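One structure is given here, and the rest of the page talks about it.
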Amino acid sequence: MTFSVPVTVRGYELDVQGHVNQAVYLQYAEHARWEFLLAAGLQADKLAAARVGPVVLESTIKYRRELRGGDEFRVTCAFEWGSGKTYRIRQEMIRTDGSLSAEVSVVGGLLDLDARRLVADPPGRFRELATNPDMLGL
C-alpha cells in the first residue's frame, strides 16, 4: 500500500539558490514515515512502551526536479518487507502537477531499546503492535 502526506514548502526551508535545502528533503521523508506509522496505529509512545523504535540505517535521495517556496506536493511511503532484520521504505515527492521532485530510499530496522540490537522479525513485531497492519502491507 502507498500512503501519502501533503506538504507545502515554507520559506525558511530554502537555500541561497531559492530551492529547498537538500537536508530538508530528509525531514519531509521522516515526517511522512511517522505519519504513516501513526495511521497504522503505531504512535511513538506506544512503540516506546513496547521498548522498540524504528531506526534509519541508510538513506539515499535522488533529486529530480527542484521544489521552491510555496510549492505543494505530497510525500509517499511504501514499505518493502524482506526476510531479515531490515526493511526498505520507498518514498517519492510528487508535485501537484504530477512531476517527480525526489525519490528517497531508506533501509530501516526496528531497534530493541533494551538490548540495543535490531529486532529479528520487524514485520512480525510491527504486525503485533499496529492497530491497522494492512496499511504496512502486513
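Numbering starts fresh at 1 for the residues of each chain in the C-alpha cells, the chains themselves are lettered A, B, ... in the order given, and ligands are numbered from 1 as they appear.
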
Can you tell me which residues surround A:Asp114 at a distance of at most 12 Å, considering only C-alpha atoms, apart from same-chain residues fewer than 6 positions away, and format the answer as a PDB file with N, CA and C atoms, in the first residue's frame?
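New file result.pdb:
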```pdb
ATOM      1  N   ALA A  48       7.579   3.142  22.214  1.00  0.00           N
ATOM      2  CA  ALA A  48       8.487   3.270  23.358  1.00  0.00           C
ATOM      3  C   ALA A  48       8.046   2.383  24.519  1.00  0.00           C
ATOM      4  N   ALA A  49       6.737   2.302  24.752  1.00  0.00           N
ATOM      5  CA  ALA A  49       6.223   1.437  25.815  1.00  0.00           C
ATOM      6  C   ALA A  49       6.513  -0.034  25.528  1.00  0.00           C
ATOM      7  N   ALA A  50       6.558  -0.393  24.249  1.00  0.00           N
ATOM      8  CA  ALA A  50       6.885  -1.761  23.846  1.00  0.00           C
ATOM      9  C   ALA A  50       8.397  -1.975  23.774  1.00  0.00           C
ATOM     10  N   ARG A  51       9.157  -0.913  24.073  1.00  0.00           N
ATOM     11  CA  ARG A  51      10.621  -0.934  24.114  1.00  0.00           C
ATOM     12  C   ARG A  51      11.248  -1.226  22.752  1.00  0.00           C
ATOM     13  N   VAL A  52      10.628  -0.675  21.690  1.00  0.00           N
ATOM     14  CA  VAL A  52      11.185  -0.757  20.342  1.00  0.00           C
ATOM     15  C   VAL A  52      11.064   0.613  19.673  1.00  0.00           C
ATOM     16  N   GLY A  53      11.894   0.829  18.652  1.00  0.00           N
ATOM     17  CA  GLY A  53      11.814   2.073  17.902  1.00  0.00           C
ATOM     18  C   GLY A  53      12.398   1.895  16.516  1.00  0.00           C
TER      19      GLY A  53
END
```

Filtered DSSP result for stretch 34-99 of chain A, state strand (DSSP E), as an NGL selection string: :A and (52-63 or 72-81 or 86-95)

Excluding stretch 110-112 of chain A and residues on its chain fewer than 5 positions from it, collect all residues at most 8 Å away from it, counting only C-alpha atoms, and give them as a ChimeraX atom specification. /A:51-55,85-86,117-119,122

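Comparing A:Arg125, A:Lys46, A:Arg68, A:Arg33 by their smallest distance to A:Ser101, the closest is A:Arg68 (using only C-alpha atoms).
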
Contact residues around A:Tyr87 with only C-alpha atoms at 6 Å, ignoring same-chain residues under 5 positions, as a PyMOL selection string: chain A and resi 80-82+107-108

Selection above as a file: C-alpha atoms, as a short mmCIF file (atom, residue, chain, number, x, y, z; two decimals), in the first residue's frame:
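Writing done, so here's again01.cif:
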```cif
data_model
loop_
_atom_site.label_atom_id
_atom_site.label_comp_id
_atom_site.auth_asym_id
_atom_site.auth_seq_id
_atom_site.Cartn_x
_atom_site.Cartn_y
_atom_site.Cartn_z
CA GLU A 80 9.01 -3.39 1.32
CA TRP A 81 9.49 -6.32 3.66
CA GLY A 82 12.25 -8.90 3.34
CA VAL A 107 16.84 0.95 4.77
CA GLY A 108 15.40 0.69 8.25
#
```

Judged by only C-alpha atoms, the minimum distance to A:Ala78 among A:Gln22, A:Val104, A:Leu136, A:Asp15 is found for A:Leu136

Quick one: DSSP helix (DSSP H, G or I) residues in chain A, as JSON, numbers by chain? {"A": [11, 12, 13, 22, 23, 24, 25, 26, 27, 28, 29, 30, 31, 32, 33, 34, 35, 36, 37, 38, 39, 44, 45, 46, 47, 48, 49, 122, 123, 124, 125, 126, 127, 128, 129, 133, 134, 135, 136]}

Pick from A:Ser59, A:Met93, A:Val75, A:Tyr25: nearest to A:Ser4, with only C-alpha atoms counted?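 The shortest atom-to-atom distance to A:Ser4 comes from A:Val75.
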
10 Å contact set for A:Thr60, only C-alpha atoms, chain neighbours under 4 positions out, as a PDB file with all heavy atoms, in the first residue's frame:
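Contents of around12.pdb, freshly written:
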```
ATOM      1  N   LEU A  26      15.134  15.189   3.624  1.00  0.00           N
ATOM      2  CA  LEU A  26      15.138  14.113   4.617  1.00  0.00           C
ATOM      3  C   LEU A  26      14.100  14.359   5.701  1.00  0.00           C
ATOM      4  O   LEU A  26      13.478  13.421   6.193  1.00  0.00           O
ATOM      5  CB  LEU A  26      16.528  13.959   5.240  1.00  0.00           C
ATOM      6  CG  LEU A  26      17.613  13.423   4.315  1.00  0.00           C
ATOM      7  CD1 LEU A  26      18.969  13.474   5.007  1.00  0.00           C
ATOM      8  CD2 LEU A  26      17.295  12.022   3.840  1.00  0.00           C
ATOM      9  N   ARG A  90      10.236   2.972   0.343  1.00  0.00           N
ATOM     10  CA  ARG A  90      10.363   3.762  -0.893  1.00  0.00           C
ATOM     11  C   ARG A  90       9.464   4.979  -0.759  1.00  0.00           C
ATOM     12  O   ARG A  90       8.291   4.858  -0.381  1.00  0.00           O
ATOM     13  CB  ARG A  90       9.924   2.950  -2.103  1.00  0.00           C
ATOM     14  CG  ARG A  90      10.692   1.673  -2.303  1.00  0.00           C
ATOM     15  CD  ARG A  90      11.963   1.902  -3.029  1.00  0.00           C
ATOM     16  NE  ARG A  90      12.619   0.626  -3.256  1.00  0.00           N
ATOM     17  CZ  ARG A  90      13.874   0.510  -3.572  1.00  0.00           C
ATOM     18  NH1 ARG A  90      14.611   1.582  -3.704  1.00  0.00           N
ATOM     19  NH2 ARG A  90      14.411  -0.662  -3.752  1.00  0.00           N
ATOM     20  N   GLU A 103      13.186  11.173  -5.109  1.00  0.00           N
ATOM     21  CA  GLU A 103      12.942   9.800  -4.674  1.00  0.00           C
ATOM     22  C   GLU A 103      13.843   9.541  -3.470  1.00  0.00           C
ATOM     23  O   GLU A 103      15.019   9.891  -3.497  1.00  0.00           O
ATOM     24  CB  GLU A 103      13.301   8.807  -5.774  1.00  0.00           C
ATOM     25  CG  GLU A 103      12.478   8.952  -7.030  1.00  0.00           C
ATOM     26  CD  GLU A 103      13.045   8.117  -8.159  1.00  0.00           C
ATOM     27  OE1 GLU A 103      13.992   8.588  -8.807  1.00  0.00           O
ATOM     28  OE2 GLU A 103      12.538   6.997  -8.368  1.00  0.00           O
ATOM     29  N   VAL A 104      13.272   8.945  -2.440  1.00  0.00           N
ATOM     30  CA  VAL A 104      14.039   8.609  -1.241  1.00  0.00           C
ATOM     31  C   VAL A 104      13.894   7.116  -1.008  1.00  0.00           C
ATOM     32  O   VAL A 104      12.791   6.572  -1.047  1.00  0.00           O
ATOM     33  CB  VAL A 104      13.529   9.397  -0.009  1.00  0.00           C
ATOM     34  CG1 VAL A 104      14.304   8.996   1.240  1.00  0.00           C
ATOM     35  CG2 VAL A 104      13.609  10.891  -0.249  1.00  0.00           C
ATOM     36  N   SER A 105      15.014   6.474  -0.769  1.00  0.00           N
ATOM     37  CA  SER A 105      15.025   5.053  -0.426  1.00  0.00           C
ATOM     38  C   SER A 105      15.700   4.921   0.932  1.00  0.00           C
ATOM     39  O   SER A 105      16.810   5.422   1.132  1.00  0.00           O
ATOM     40  CB  SER A 105      15.795   4.261  -1.483  1.00  0.00           C
ATOM     41  OG  SER A 105      15.883   2.907  -1.107  1.00  0.00           O
ATOM     42  N   VAL A 106      15.010   4.282   1.861  1.00  0.00           N
ATOM     43  CA  VAL A 106      15.514   4.124   3.226  1.00  0.00           C
ATOM     44  C   VAL A 106      15.613   2.645   3.556  1.00  0.00           C
ATOM     45  O   VAL A 106      14.691   1.878   3.275  1.00  0.00           O
ATOM     46  CB  VAL A 106      14.569   4.833   4.231  1.00  0.00           C
ATOM     47  CG1 VAL A 106      14.925   4.483   5.662  1.00  0.00           C
ATOM     48  CG2 VAL A 106      14.591   6.335   4.019  1.00  0.00           C
ATOM     49  N   VAL A 107      16.724   2.260   4.156  1.00  0.00           N
ATOM     50  CA  VAL A 107      16.844   0.946   4.774  1.00  0.00           C
ATOM     51  C   VAL A 107      16.668   1.191   6.262  1.00  0.00           C
ATOM     52  O   VAL A 107      17.366   2.022   6.853  1.00  0.00           O
ATOM     53  CB  VAL A 107      18.199   0.280   4.485  1.00  0.00           C
ATOM     54  CG1 VAL A 107      18.325  -1.033   5.256  1.00  0.00           C
ATOM     55  CG2 VAL A 107      18.386   0.059   2.991  1.00  0.00           C
TER      56      VAL A 107
END
```

Counting only C-alpha atoms, which of A:Lys62, A:Leu67, A:Ala44, A:Glu35 gets nearest to A:Gly11? A:Leu67

Pick from A:Glu66, A:Ala115, A:Thr96, A:Ala130, whichever lies nearest to A:Val20 using only C-alpha atoms: A:Glu66

Of the candidates A:Ile89, A:Gly109, A:Phe3, A:Tyr63, which one gets nearest to A:Asp121 if we count only C-alpha atoms?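 Looking only at the distances to A:Asp121, the closest residue turns out to be A:Gly109.
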
What is the distance, in Å and to one decimal place, between atom CA of A:Thr76 and atom CA of A:Gln91?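 Those two atoms sit 5.0 Å apart.
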